[in-house]
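Chemist: Submitted below is the structure of interest, expressed as structure tokens.
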Amino acid sequence: MPDFSRERDAMVDSQIHTADVTDRRLLKALRTLPRHAFIPKSKAAIAYADCEVEAAPGRWMMRPRDLGLLIHAAQVQPDELVLNIASGRGYAAAVLSRMAETVVGVEADESLVRKSSDALADAGCDNTAIIGGDPVKGAPGQGPYDVIFVEGAVEDVPRAWFDQLKDGGRLAVVVRKGMSGKATIFTRSGDSIGHRIVFDSTPRLIPGFEKEAGFVF
């Protein structure tokens, strides 16, 4: 039986700390949440490895390092409302739930909505709800949001996501063009959208986001 607690500690020490992630709430979440419970049992042996993990056919969890860096860059605050786009099996939503007041996940695959909701309940993430819907459209009925977080890459960012940000809200996403990917924080200020690139990353594209018409920066 793998010692998952030991593996989580090793993941944080070797992949997260070394990437200069310093938020104590984030480090605690990564150290305590059972990442292996949010993937198929057949993949549990690599749950804490420095690699992407296929959580469902065609759906991949980001490397722990990249996930940690992107959440860290979003600067999630304890009183904030977060939208997790294409929430998959719910691991990113679980981590975000330890940092925000409320997390809403939107997921197109109904089987993943059920699986992630069960995993989140088992992990005690009672401030998180996963809803079925089109991730391209976001979840306007629950917003606006302080933070929108996307685990995975898109080629173009849908305008609808920017429209659902509060003034001062941040969108954290990897924008990928071919072999090049840039983890980017977009910030809304009034009717304007600014952005800053925080690190290079090339996670797999989320299905359906290969050629979405959207905002180009």
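We label chains A, B, ... in the order they appear in the structure tokens, count residues from 1 in each chain, and number ligands from 1 in the order shown.
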Find the spatial neighbours of Pro57 in chain A, counting only C-alpha atoms, within a cut-off of 12 Å - ignore same-chain residues fewer than 3 positions away - and output them as number ranges by chain.

Modeler: A: 39-40, 53-54, 60-61, 88-89, 109, 111-112, 206-207

Chemist: Only N, CA and C atoms, please: the residues just picked out, written as an mmCIF file, in the first residue's frame.

Modeler:
data_model
loop_
_atom_site.group_PDB
_atom_site.id
_atom_site.type_symbol
_atom_site.label_atom_id
_atom_site.label_comp_id
_atom_site.auth_asym_id
_atom_site.auth_seq_id
_atom_site.Cartn_x
_atom_site.Cartn_y
_atom_site.Cartn_z
ATOM 1 N N ILE A 39 -8.261 11.004 -9.104
ATOM 2 C CA ILE A 39 -7.887 10.390 -10.378
ATOM 3 C C ILE A 39 -8.330 8.933 -10.349
ATOM 4 N N PRO A 40 -8.361 8.251 -11.504
ATOM 5 C CA PRO A 40 -8.704 6.825 -11.494
ATOM 6 C C PRO A 40 -7.732 6.030 -10.618
ATOM 7 N N VAL A 53 -1.337 13.916 -15.389
ATOM 8 C CA VAL A 53 -2.014 12.644 -15.164
ATOM 9 C C VAL A 53 -3.357 12.685 -15.890
ATOM 10 N N GLU A 54 -3.632 11.639 -16.667
ATOM 11 C CA GLU A 54 -4.912 11.569 -17.366
ATOM 12 C C GLU A 54 -6.008 11.188 -16.361
ATOM 13 N N TRP A 60 -6.657 15.953 -18.693
ATOM 14 C CA TRP A 60 -5.396 15.807 -17.985
ATOM 15 C C TRP A 60 -5.276 16.809 -16.851
ATOM 16 N N MET A 61 -4.769 16.331 -15.713
ATOM 17 C CA MET A 61 -4.415 17.219 -14.608
ATOM 18 C C MET A 61 -3.025 17.789 -14.863
ATOM 19 N N GLY A 88 -13.121 19.060 -14.312
ATOM 20 C CA GLY A 88 -12.655 17.683 -14.371
ATOM 21 C C GLY A 88 -13.069 16.872 -13.155
ATOM 22 N N ARG A 89 -12.103 16.195 -12.543
ATOM 23 C CA ARG A 89 -12.384 15.379 -11.361
ATOM 24 C C ARG A 89 -12.316 16.162 -10.061
ATOM 25 N N ASP A 109 -18.861 17.364 -18.829
ATOM 26 C CA ASP A 109 -19.048 15.914 -18.755
ATOM 27 C C ASP A 109 -19.821 15.567 -17.486
ATOM 28 N N SER A 111 -20.593 12.762 -16.153
ATOM 29 C CA SER A 111 -19.979 11.744 -15.305
ATOM 30 C C SER A 111 -18.893 12.346 -14.423
ATOM 31 N N LEU A 112 -18.160 13.330 -14.945
ATOM 32 C CA LEU A 112 -17.141 14.007 -14.148
ATOM 33 C C LEU A 112 -17.770 14.921 -13.107
ATOM 34 N N ILE A 206 -7.413 21.750 -23.338
ATOM 35 C CA ILE A 206 -8.698 21.224 -22.905
ATOM 36 C C ILE A 206 -9.534 20.942 -24.157
ATOM 37 N N PRO A 207 -10.118 19.748 -24.291
ATOM 38 C CA PRO A 207 -10.949 19.477 -25.465
ATOM 39 C C PRO A 207 -12.039 20.528 -25.643
#

Chemist: Need to verify the contact set: Gly190 in chain A, 9 Å, only C-alpha atoms, exclusion of same-chain residues closer than 3 positions in sequence. Can you return it as a list in words?

Modeler: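 Counting only the stated atoms, we get Lys166, Asp167, Gly168 and Ile193 of chain A.
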
Chemist: Could you pull out the residues in range 62-188 of chain A that DSSP calls helix (DSSP H, G or I) from the backbone, as a PDB file with N, CA and C atoms, in the first residue's frame?

Modeler:
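Saved the output as states.pdb:
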ATOM      1  N   PRO A  64       1.926  18.997 -10.788  1.00  0.00           N
ATOM      2  CA  PRO A  64       1.756  19.687  -9.502  1.00  0.00           C
ATOM      3  C   PRO A  64       2.467  21.035  -9.446  1.00  0.00           C
ATOM      4  N   ARG A  65       3.674  21.099  -9.996  1.00  0.00           N
ATOM      5  CA  ARG A  65       4.423  22.361  -9.979  1.00  0.00           C
ATOM      6  C   ARG A  65       3.655  23.459 -10.693  1.00  0.00           C
ATOM      7  N   ASP A  66       3.153  23.160 -11.890  1.00  0.00           N
ATOM      8  CA  ASP A  66       2.472  24.180 -12.683  1.00  0.00           C
ATOM      9  C   ASP A  66       1.147  24.581 -12.042  1.00  0.00           C
ATOM     10  N   LEU A  67       0.431  23.609 -11.498  1.00  0.00           N
ATOM     11  CA  LEU A  67      -0.817  23.925 -10.809  1.00  0.00           C
ATOM     12  C   LEU A  67      -0.553  24.830  -9.622  1.00  0.00           C
ATOM     13  N   GLY A  68       0.451  24.478  -8.823  1.00  0.00           N
ATOM     14  CA  GLY A  68       0.775  25.291  -7.655  1.00  0.00           C
ATOM     15  C   GLY A  68       1.200  26.703  -8.024  1.00  0.00           C
ATOM     16  N   LEU A  69       2.040  26.824  -9.052  1.00  0.00           N
ATOM     17  CA  LEU A  69       2.495  28.147  -9.480  1.00  0.00           C
ATOM     18  C   LEU A  69       1.348  29.009  -9.983  1.00  0.00           C
ATOM     19  N   LEU A  70       0.422  28.410 -10.738  1.00  0.00           N
ATOM     20  CA  LEU A  70      -0.672  29.186 -11.314  1.00  0.00           C
ATOM     21  C   LEU A  70      -1.655  29.630 -10.232  1.00  0.00           C
ATOM     22  N   ILE A  71      -1.956  28.751  -9.287  1.00  0.00           N
ATOM     23  CA  ILE A  71      -2.829  29.158  -8.179  1.00  0.00           C
ATOM     24  C   ILE A  71      -2.139  30.229  -7.337  1.00  0.00           C
ATOM     25  N   HIS A  72      -0.856  30.058  -7.088  1.00  0.00           N
ATOM     26  CA  HIS A  72      -0.101  31.050  -6.319  1.00  0.00           C
ATOM     27  C   HIS A  72      -0.152  32.413  -7.000  1.00  0.00           C
ATOM     28  N   ALA A  73      -0.008  32.432  -8.328  1.00  0.00           N
ATOM     29  CA  ALA A  73      -0.008  33.693  -9.068  1.00  0.00           C
ATOM     30  C   ALA A  73      -1.378  34.360  -9.056  1.00  0.00           C
ATOM     31  N   ALA A  74      -2.447  33.587  -8.884  1.00  0.00           N
ATOM     32  CA  ALA A  74      -3.798  34.158  -8.863  1.00  0.00           C
ATOM     33  C   ALA A  74      -4.103  34.911  -7.573  1.00  0.00           C
ATOM     34  N   TYR A  91      -9.784  18.168  -8.509  1.00  0.00           N
ATOM     35  CA  TYR A  91      -8.644  18.405  -7.637  1.00  0.00           C
ATOM     36  C   TYR A  91      -8.311  19.887  -7.498  1.00  0.00           C
ATOM     37  N   ALA A  92      -8.267  20.606  -8.615  1.00  0.00           N
ATOM     38  CA  ALA A  92      -7.978  22.046  -8.528  1.00  0.00           C
ATOM     39  C   ALA A  92      -9.034  22.756  -7.696  1.00  0.00           C
ATOM     40  N   ALA A  93     -10.307  22.366  -7.864  1.00  0.00           N
ATOM     41  CA  ALA A  93     -11.376  22.965  -7.062  1.00  0.00           C
ATOM     42  C   ALA A  93     -11.156  22.695  -5.585  1.00  0.00           C
ATOM     43  N   ALA A  94     -10.677  21.493  -5.263  1.00  0.00           N
ATOM     44  CA  ALA A  94     -10.409  21.159  -3.864  1.00  0.00           C
ATOM     45  C   ALA A  94      -9.308  22.050  -3.281  1.00  0.00           C
ATOM     46  N   VAL A  95      -8.229  22.227  -4.043  1.00  0.00           N
ATOM     47  CA  VAL A  95      -7.139  23.088  -3.566  1.00  0.00           C
ATOM     48  C   VAL A  95      -7.642  24.525  -3.390  1.00  0.00           C
ATOM     49  N   LEU A  96      -8.373  25.009  -4.369  1.00  0.00           N
ATOM     50  CA  LEU A  96      -8.901  26.373  -4.298  1.00  0.00           C
ATOM     51  C   LEU A  96      -9.869  26.541  -3.131  1.00  0.00           C
ATOM     52  N   SER A  97     -10.589  25.473  -2.789  1.00  0.00           N
ATOM     53  CA  SER A  97     -11.552  25.563  -1.693  1.00  0.00           C
ATOM     54  C   SER A  97     -10.883  25.828  -0.357  1.00  0.00           C
ATOM     55  N   GLU A 110     -21.041  15.084 -17.645  1.00  0.00           N
ATOM     56  CA  GLU A 110     -21.888  14.817 -16.486  1.00  0.00           C
ATOM     57  C   GLU A 110     -21.301  13.740 -15.573  1.00  0.00           C
ATOM     58  N   SER A 111     -20.593  12.762 -16.153  1.00  0.00           N
ATOM     59  CA  SER A 111     -19.979  11.744 -15.305  1.00  0.00           C
ATOM     60  C   SER A 111     -18.893  12.346 -14.423  1.00  0.00           C
ATOM     61  N   LEU A 112     -18.160  13.330 -14.945  1.00  0.00           N
ATOM     62  CA  LEU A 112     -17.141  14.007 -14.148  1.00  0.00           C
ATOM     63  C   LEU A 112     -17.770  14.921 -13.107  1.00  0.00           C
ATOM     64  N   VAL A 113     -18.919  15.503 -13.410  1.00  0.00           N
ATOM     65  CA  VAL A 113     -19.630  16.287 -12.401  1.00  0.00           C
ATOM     66  C   VAL A 113     -19.941  15.401 -11.192  1.00  0.00           C
ATOM     67  N   ARG A 114     -20.434  14.198 -11.441  1.00  0.00           N
ATOM     68  CA  ARG A 114     -20.774  13.287 -10.347  1.00  0.00           C
ATOM     69  C   ARG A 114     -19.522  12.830  -9.594  1.00  0.00           C
ATOM     70  N   LYS A 115     -18.505  12.412 -10.334  1.00  0.00           N
ATOM     71  CA  LYS A 115     -17.292  11.905  -9.685  1.00  0.00           C
ATOM     72  C   LYS A 115     -16.597  12.991  -8.870  1.00  0.00           C
ATOM     73  N   SER A 116     -16.507  14.192  -9.440  1.00  0.00           N
ATOM     74  CA  SER A 116     -15.838  15.268  -8.712  1.00  0.00           C
ATOM     75  C   SER A 116     -16.638  15.700  -7.486  1.00  0.00           C
ATOM     76  N   SER A 117     -17.949  15.738  -7.609  1.00  0.00           N
ATOM     77  CA  SER A 117     -18.779  16.115  -6.462  1.00  0.00           C
ATOM     78  C   SER A 117     -18.605  15.124  -5.324  1.00  0.00           C
ATOM     79  N   ASP A 118     -18.536  13.825  -5.655  1.00  0.00           N
ATOM     80  CA  ASP A 118     -18.330  12.803  -4.623  1.00  0.00           C
ATOM     81  C   ASP A 118     -16.948  12.947  -3.977  1.00  0.00           C
ATOM     82  N   ALA A 119     -15.913  13.156  -4.805  1.00  0.00           N
ATOM     83  CA  ALA A 119     -14.554  13.279  -4.274  1.00  0.00           C
ATOM     84  C   ALA A 119     -14.410  14.515  -3.394  1.00  0.00           C
ATOM     85  N   LEU A 120     -15.035  15.610  -3.799  1.00  0.00           N
ATOM     86  CA  LEU A 120     -14.975  16.835  -3.010  1.00  0.00           C
ATOM     87  C   LEU A 120     -15.697  16.668  -1.678  1.00  0.00           C
ATOM     88  N   ALA A 121     -16.826  15.980  -1.702  1.00  0.00           N
ATOM     89  CA  ALA A 121     -17.553  15.728  -0.452  1.00  0.00           C
ATOM     90  C   ALA A 121     -16.712  14.862   0.486  1.00  0.00           C
ATOM     91  N   ASP A 122     -16.076  13.833  -0.058  1.00  0.00           N
ATOM     92  CA  ASP A 122     -15.231  12.957   0.758  1.00  0.00           C
ATOM     93  C   ASP A 122     -14.057  13.719   1.366  1.00  0.00           C
ATOM     94  N   PRO A 135     -18.158  24.960 -20.431  1.00  0.00           N
ATOM     95  CA  PRO A 135     -17.068  25.760 -19.876  1.00  0.00           C
ATOM     96  C   PRO A 135     -16.751  27.007 -20.701  1.00  0.00           C
ATOM     97  N   VAL A 136     -16.990  26.967 -22.002  1.00  0.00           N
ATOM     98  CA  VAL A 136     -16.734  28.145 -22.839  1.00  0.00           C
ATOM     99  C   VAL A 136     -17.581  29.329 -22.372  1.00  0.00           C
ATOM    100  N   LYS A 137     -18.775  29.041 -21.904  1.00  0.00           N
ATOM    101  CA  LYS A 137     -19.687  30.103 -21.464  1.00  0.00           C
ATOM    102  C   LYS A 137     -19.480  30.477 -20.000  1.00  0.00           C
ATOM    103  N   PRO A 140     -22.274  32.292 -15.691  1.00  0.00           N
ATOM    104  CA  PRO A 140     -22.660  33.677 -15.396  1.00  0.00           C
ATOM    105  C   PRO A 140     -23.705  33.800 -14.285  1.00  0.00           C
ATOM    106  N   GLY A 141     -24.530  32.786 -14.125  1.00  0.00           N
ATOM    107  CA  GLY A 141     -25.564  32.875 -13.108  1.00  0.00           C
ATOM    108  C   GLY A 141     -25.051  32.849 -11.695  1.00  0.00           C
ATOM    109  N   GLN A 142     -23.804  32.404 -11.503  1.00  0.00           N
ATOM    110  CA  GLN A 142     -23.224  32.332 -10.163  1.00  0.00           C
ATOM    111  C   GLN A 142     -22.265  33.490  -9.863  1.00  0.00           C
ATOM    112  N   ARG A 159     -14.364  35.547 -24.562  1.00  0.00           N
ATOM    113  CA  ARG A 159     -14.755  36.848 -24.023  1.00  0.00           C
ATOM    114  C   ARG A 159     -15.676  36.687 -22.816  1.00  0.00           C
ATOM    115  N   ALA A 160     -16.494  35.624 -22.811  1.00  0.00           N
ATOM    116  CA  ALA A 160     -17.441  35.429 -21.713  1.00  0.00           C
ATOM    117  C   ALA A 160     -16.738  35.344 -20.368  1.00  0.00           C
ATOM    118  N   TRP A 161     -15.524  34.823 -20.333  1.00  0.00           N
ATOM    119  CA  TRP A 161     -14.819  34.716 -19.057  1.00  0.00           C
ATOM    120  C   TRP A 161     -14.470  36.094 -18.511  1.00  0.00           C
ATOM    121  N   PHE A 162     -14.009  36.975 -19.372  1.00  0.00           N
ATOM    122  CA  PHE A 162     -13.681  38.329 -18.921  1.00  0.00           C
ATOM    123  C   PHE A 162     -14.930  39.049 -18.419  1.00  0.00           C
ATOM    124  N   ASP A 163     -16.050  38.820 -19.091  1.00  0.00           N
ATOM    125  CA  ASP A 163     -17.291  39.478 -18.712  1.00  0.00           C
ATOM    126  C   ASP A 163     -17.770  39.048 -17.325  1.00  0.00           C
TER     127      ASP A 163
END

Chemist: With only C-alpha atoms as the counted atoms, please give the residues lying no more than 6 Å from Glu155 in chain A, apart from itself and same-chain residues fewer than 5 positions off, as a list in words.

Modeler: Val175, Arg176, Lys177 and Glu210 of chain A

Chemist: With only C-alpha atoms as the atoms that count, which of A:Lys41, A:Arg98, A:Arg204, A:His17 lies nearest to Gly178 in chain A?

Modeler: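 Closest to Gly178 in chain A of all the choices is A:Arg204.
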
Chemist: Which residues come within 10 Å of Pro2 in chain A, counting only C-alpha atoms, excluding same-chain residues fewer than 4 positions away, as a PDB file with N, CA and C atoms, in the first residue's frame?

Modeler:
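Just written: part.pdb:
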ATOM      1  N   ARG A   6       3.383  10.413   2.725  1.00  0.00           N
ATOM      2  CA  ARG A   6       4.807  10.614   2.473  1.00  0.00           C
ATOM      3  C   ARG A   6       5.039  11.135   1.055  1.00  0.00           C
ATOM      4  N   GLU A   7       4.271  10.598   0.098  1.00  0.00           N
ATOM      5  CA  GLU A   7       4.417  11.041  -1.286  1.00  0.00           C
ATOM      6  C   GLU A   7       3.972  12.493  -1.457  1.00  0.00           C
ATOM      7  N   ALA A  44      -3.182   5.859  -9.537  1.00  0.00           N
ATOM      8  CA  ALA A  44      -2.810   6.344  -8.204  1.00  0.00           C
ATOM      9  C   ALA A  44      -1.309   6.323  -7.973  1.00  0.00           C
ATOM     10  N   ALA A  45      -0.615   5.391  -8.592  1.00  0.00           N
ATOM     11  CA  ALA A  45       0.830   5.276  -8.368  1.00  0.00           C
ATOM     12  C   ALA A  45       1.606   6.496  -8.845  1.00  0.00           C
TER      13      ALA A  45
END

Chemist: Might you pull out every residue within 7 Å of Val106 in chain A, with only C-alpha atoms counted and same-chain residues fewer than 2 positions away left off, and present them as a list in words?

Modeler: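 My list of contacting residues is Asn84, Ile85, Ala86, Ser87, Val104, Ala108, Ile130, Ile131, Gly132, Gly133, Pro135, Gly138 and Ala139 of chain A.
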
Chemist: Could you turn the residues from that selection into a file that holds N, CA and C atoms, as an mmCIF file, in the first residue's frame?

Modeler:
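Final file, selection-v5.cif:
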data_model
loop_
_atom_site.group_PDB
_atom_site.id
_atom_site.type_symbol
_atom_site.label_atom_id
_atom_site.label_comp_id
_atom_site.auth_asym_id
_atom_site.auth_seq_id
_atom_site.Cartn_x
_atom_site.Cartn_y
_atom_site.Cartn_z
ATOM 1 N N ASN A 84 -13.949 27.682 -11.237
ATOM 2 C CA ASN A 84 -12.995 26.727 -11.807
ATOM 3 C C ASN A 84 -13.565 26.199 -13.121
ATOM 4 N N ILE A 85 -12.969 26.633 -14.225
ATOM 5 C CA ILE A 85 -13.428 26.249 -15.562
ATOM 6 C C ILE A 85 -12.945 24.838 -15.899
ATOM 7 N N ALA A 86 -13.840 24.013 -16.498
ATOM 8 C CA ALA A 86 -13.512 22.646 -16.897
ATOM 9 C C ALA A 86 -12.891 21.903 -15.720
ATOM 10 N N SER A 87 -13.669 21.759 -14.664
ATOM 11 C CA SER A 87 -13.148 21.324 -13.367
ATOM 12 C C SER A 87 -12.771 19.853 -13.300
ATOM 13 N N VAL A 104 -16.965 27.570 -7.348
ATOM 14 C CA VAL A 104 -17.922 26.986 -8.280
ATOM 15 C C VAL A 104 -17.132 26.369 -9.416
ATOM 16 N N ALA A 108 -18.502 20.096 -18.424
ATOM 17 C CA ALA A 108 -19.433 19.654 -19.462
ATOM 18 C C ALA A 108 -19.775 18.174 -19.350
ATOM 19 N N ILE A 130 -19.952 21.776 -7.941
ATOM 20 C CA ILE A 130 -19.668 21.537 -9.347
ATOM 21 C C ILE A 130 -20.987 21.481 -10.096
ATOM 22 N N ILE A 131 -21.105 22.272 -11.156
ATOM 23 C CA ILE A 131 -22.338 22.307 -11.928
ATOM 24 C C ILE A 131 -22.053 21.884 -13.365
ATOM 25 N N GLY A 132 -23.044 21.293 -14.002
ATOM 26 C CA GLY A 132 -22.910 20.943 -15.403
ATOM 27 C C GLY A 132 -23.147 22.153 -16.283
ATOM 28 N N GLY A 133 -22.366 22.264 -17.344
ATOM 29 C CA GLY A 133 -22.528 23.396 -18.246
ATOM 30 C C GLY A 133 -21.408 23.460 -19.258
ATOM 31 N N PRO A 135 -18.158 24.960 -20.431
ATOM 32 C CA PRO A 135 -17.068 25.760 -19.876
ATOM 33 C C PRO A 135 -16.751 27.007 -20.701
ATOM 34 N N GLY A 138 -18.676 29.700 -19.263
ATOM 35 C CA GLY A 138 -18.491 29.967 -17.848
ATOM 36 C C GLY A 138 -19.732 29.600 -17.057
ATOM 37 N N ALA A 139 -19.996 30.373 -16.013
ATOM 38 C CA ALA A 139 -21.187 30.159 -15.183
ATOM 39 C C ALA A 139 -21.698 31.527 -14.746
#

Chemist: Could you please write out, as a VMD selection string, every residue of chain A that DSSP assigns to strand (DSSP E)?

Modeler: chain A and resid 53 to 56 59 to 61 81 to 85 102 to 107 128 to 132 145 to 154 165 to 177 180 to 189 192 to 200

Chemist: Which residues are near range 181-186 of chain A? Cut-off 7 Å, only C-alpha atoms, ignore same chain within fewer than 3 positions. Put them as an MDAnalysis selection string.

Modeler: chainID A and resid 70 74 170:177 193:202

Chemist: Once you have the residues from the selection above, write them out as a PDB file, in the first residue's frame, restricted to N, CA and C atoms.

Modeler:
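Contents of out-v3.pdb, as written:
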ATOM      1  N   LEU A  70       0.422  28.410 -10.738  1.00  0.00           N
ATOM      2  CA  LEU A  70      -0.672  29.186 -11.314  1.00  0.00           C
ATOM      3  C   LEU A  70      -1.655  29.630 -10.232  1.00  0.00           C
ATOM      4  N   ALA A  74      -2.447  33.587  -8.884  1.00  0.00           N
ATOM      5  CA  ALA A  74      -3.798  34.158  -8.863  1.00  0.00           C
ATOM      6  C   ALA A  74      -4.103  34.911  -7.573  1.00  0.00           C
ATOM      7  N   ARG A 170      -9.239  38.399 -11.346  1.00  0.00           N
ATOM      8  CA  ARG A 170      -8.128  37.798 -12.087  1.00  0.00           C
ATOM      9  C   ARG A 170      -8.573  36.506 -12.765  1.00  0.00           C
ATOM     10  N   LEU A 171      -8.072  36.305 -13.969  1.00  0.00           N
ATOM     11  CA  LEU A 171      -8.265  35.064 -14.715  1.00  0.00           C
ATOM     12  C   LEU A 171      -6.902  34.403 -14.865  1.00  0.00           C
ATOM     13  N   ALA A 172      -6.782  33.170 -14.367  1.00  0.00           N
ATOM     14  CA  ALA A 172      -5.521  32.430 -14.418  1.00  0.00           C
ATOM     15  C   ALA A 172      -5.658  31.288 -15.412  1.00  0.00           C
ATOM     16  N   VAL A 173      -4.849  31.313 -16.467  1.00  0.00           N
ATOM     17  CA  VAL A 173      -4.993  30.320 -17.541  1.00  0.00           C
ATOM     18  C   VAL A 173      -3.692  30.217 -18.322  1.00  0.00           C
ATOM     19  N   VAL A 174      -3.436  29.039 -18.878  1.00  0.00           N
ATOM     20  CA  VAL A 174      -2.313  28.870 -19.791  1.00  0.00           C
ATOM     21  C   VAL A 174      -2.820  29.051 -21.211  1.00  0.00           C
ATOM     22  N   VAL A 175      -2.228  29.995 -21.922  1.00  0.00           N
ATOM     23  CA  VAL A 175      -2.562  30.240 -23.328  1.00  0.00           C
ATOM     24  C   VAL A 175      -1.479  29.586 -24.173  1.00  0.00           C
ATOM     25  N   ARG A 176      -1.908  28.643 -24.997  1.00  0.00           N
ATOM     26  CA  ARG A 176      -0.937  27.856 -25.755  1.00  0.00           C
ATOM     27  C   ARG A 176      -1.093  28.090 -27.251  1.00  0.00           C
ATOM     28  N   LYS A 177       0.009  28.373 -27.891  1.00  0.00           N
ATOM     29  CA  LYS A 177       0.076  28.527 -29.344  1.00  0.00           C
ATOM     30  C   LYS A 177       1.092  27.530 -29.868  1.00  0.00           C
ATOM     31  N   ILE A 193      -8.812  45.038 -19.903  1.00  0.00           N
ATOM     32  CA  ILE A 193      -8.192  43.794 -19.468  1.00  0.00           C
ATOM     33  C   ILE A 193      -6.690  43.906 -19.658  1.00  0.00           C
ATOM     34  N   GLY A 194      -5.962  43.804 -18.557  1.00  0.00           N
ATOM     35  CA  GLY A 194      -4.508  43.752 -18.637  1.00  0.00           C
ATOM     36  C   GLY A 194      -4.038  42.326 -18.433  1.00  0.00           C
ATOM     37  N   HIS A 195      -2.775  42.073 -18.710  1.00  0.00           N
ATOM     38  CA  HIS A 195      -2.276  40.725 -18.512  1.00  0.00           C
ATOM     39  C   HIS A 195      -0.796  40.756 -18.186  1.00  0.00           C
ATOM     40  N   ARG A 196      -0.358  39.690 -17.515  1.00  0.00           N
ATOM     41  CA  ARG A 196       1.068  39.478 -17.276  1.00  0.00           C
ATOM     42  C   ARG A 196       1.352  37.989 -17.394  1.00  0.00           C
ATOM     43  N   ILE A 197       2.453  37.670 -18.024  1.00  0.00           N
ATOM     44  CA  ILE A 197       2.891  36.285 -18.171  1.00  0.00           C
ATOM     45  C   ILE A 197       3.731  35.926 -16.954  1.00  0.00           C
ATOM     46  N   VAL A 198       3.414  34.799 -16.314  1.00  0.00           N
ATOM     47  CA  VAL A 198       4.096  34.457 -15.070  1.00  0.00           C
ATOM     48  C   VAL A 198       5.102  33.320 -15.220  1.00  0.00           C
ATOM     49  N   PHE A 199       4.880  32.396 -16.143  1.00  0.00           N
ATOM     50  CA  PHE A 199       5.879  31.361 -16.406  1.00  0.00           C
ATOM     51  C   PHE A 199       5.497  30.606 -17.678  1.00  0.00           C
ATOM     52  N   ASP A 200       6.457  29.886 -18.214  1.00  0.00           N
ATOM     53  CA  ASP A 200       6.212  29.040 -19.385  1.00  0.00           C
ATOM     54  C   ASP A 200       5.634  27.704 -18.933  1.00  0.00           C
ATOM     55  N   SER A 201       4.649  27.217 -19.675  1.00  0.00           N
ATOM     56  CA  SER A 201       4.018  25.948 -19.335  1.00  0.00           C
ATOM     57  C   SER A 201       3.315  25.408 -20.571  1.00  0.00           C
ATOM     58  N   THR A 202       3.334  24.095 -20.738  1.00  0.00           N
ATOM     59  CA  THR A 202       2.699  23.510 -21.925  1.00  0.00           C
ATOM     60  C   THR A 202       1.789  22.339 -21.546  1.00  0.00           C
TER      61      THR A 202
END

Chemist: Could you check which of A:Val147, A:Cys51, A:Ala10, A:Val21 is closest to Glu80 in chain A, using only C-alpha atoms?

Modeler: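 Of A:Val147, A:Cys51, A:Ala10, A:Val21, the one nearest Glu80 in chain A is A:Val147, counting only C-alpha atoms.
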
Chemist: What does the structure give for the distance between CA of Ala100 in chain A and CA of Glu151 in chain A, in Å to one decimal?

Modeler: 16.5 Å

Chemist: If we count only C-alpha atoms and set the cut-off at 8 Å, which residues sit around Asn127 in chain A, ignoring sequence neighbours fewer than 4 positions away in its own chain? Please answer as a list of chain:residue names.

Modeler: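 These residues fall inside the cut-off: A:Ser97, A:Glu101, A:Thr102, A:Val103.
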
Chemist: Could you write out that same residue set with C-alpha atoms as a CSV table (one decimal), in the first residue's frame?

Modeler:
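And here is the file that came out, out39.csv:
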chain,number,residue,atom,x,y,z
A,97,SER,CA,-11.6,25.6,-1.7
A,101,GLU,CA,-14.7,31.5,0.6
A,102,THR,CA,-16.6,29.7,-2.2
A,103,VAL,CA,-15.6,27.7,-5.3

Chemist: Counting only C-alpha atoms, which of A:Glu107, A:Gly90, A:Met62, A:Thr128 gets nearest to Ala153 in chain A?

Modeler: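 That would be A:Met62, the residue with the smallest distance to Ala153 in chain A.
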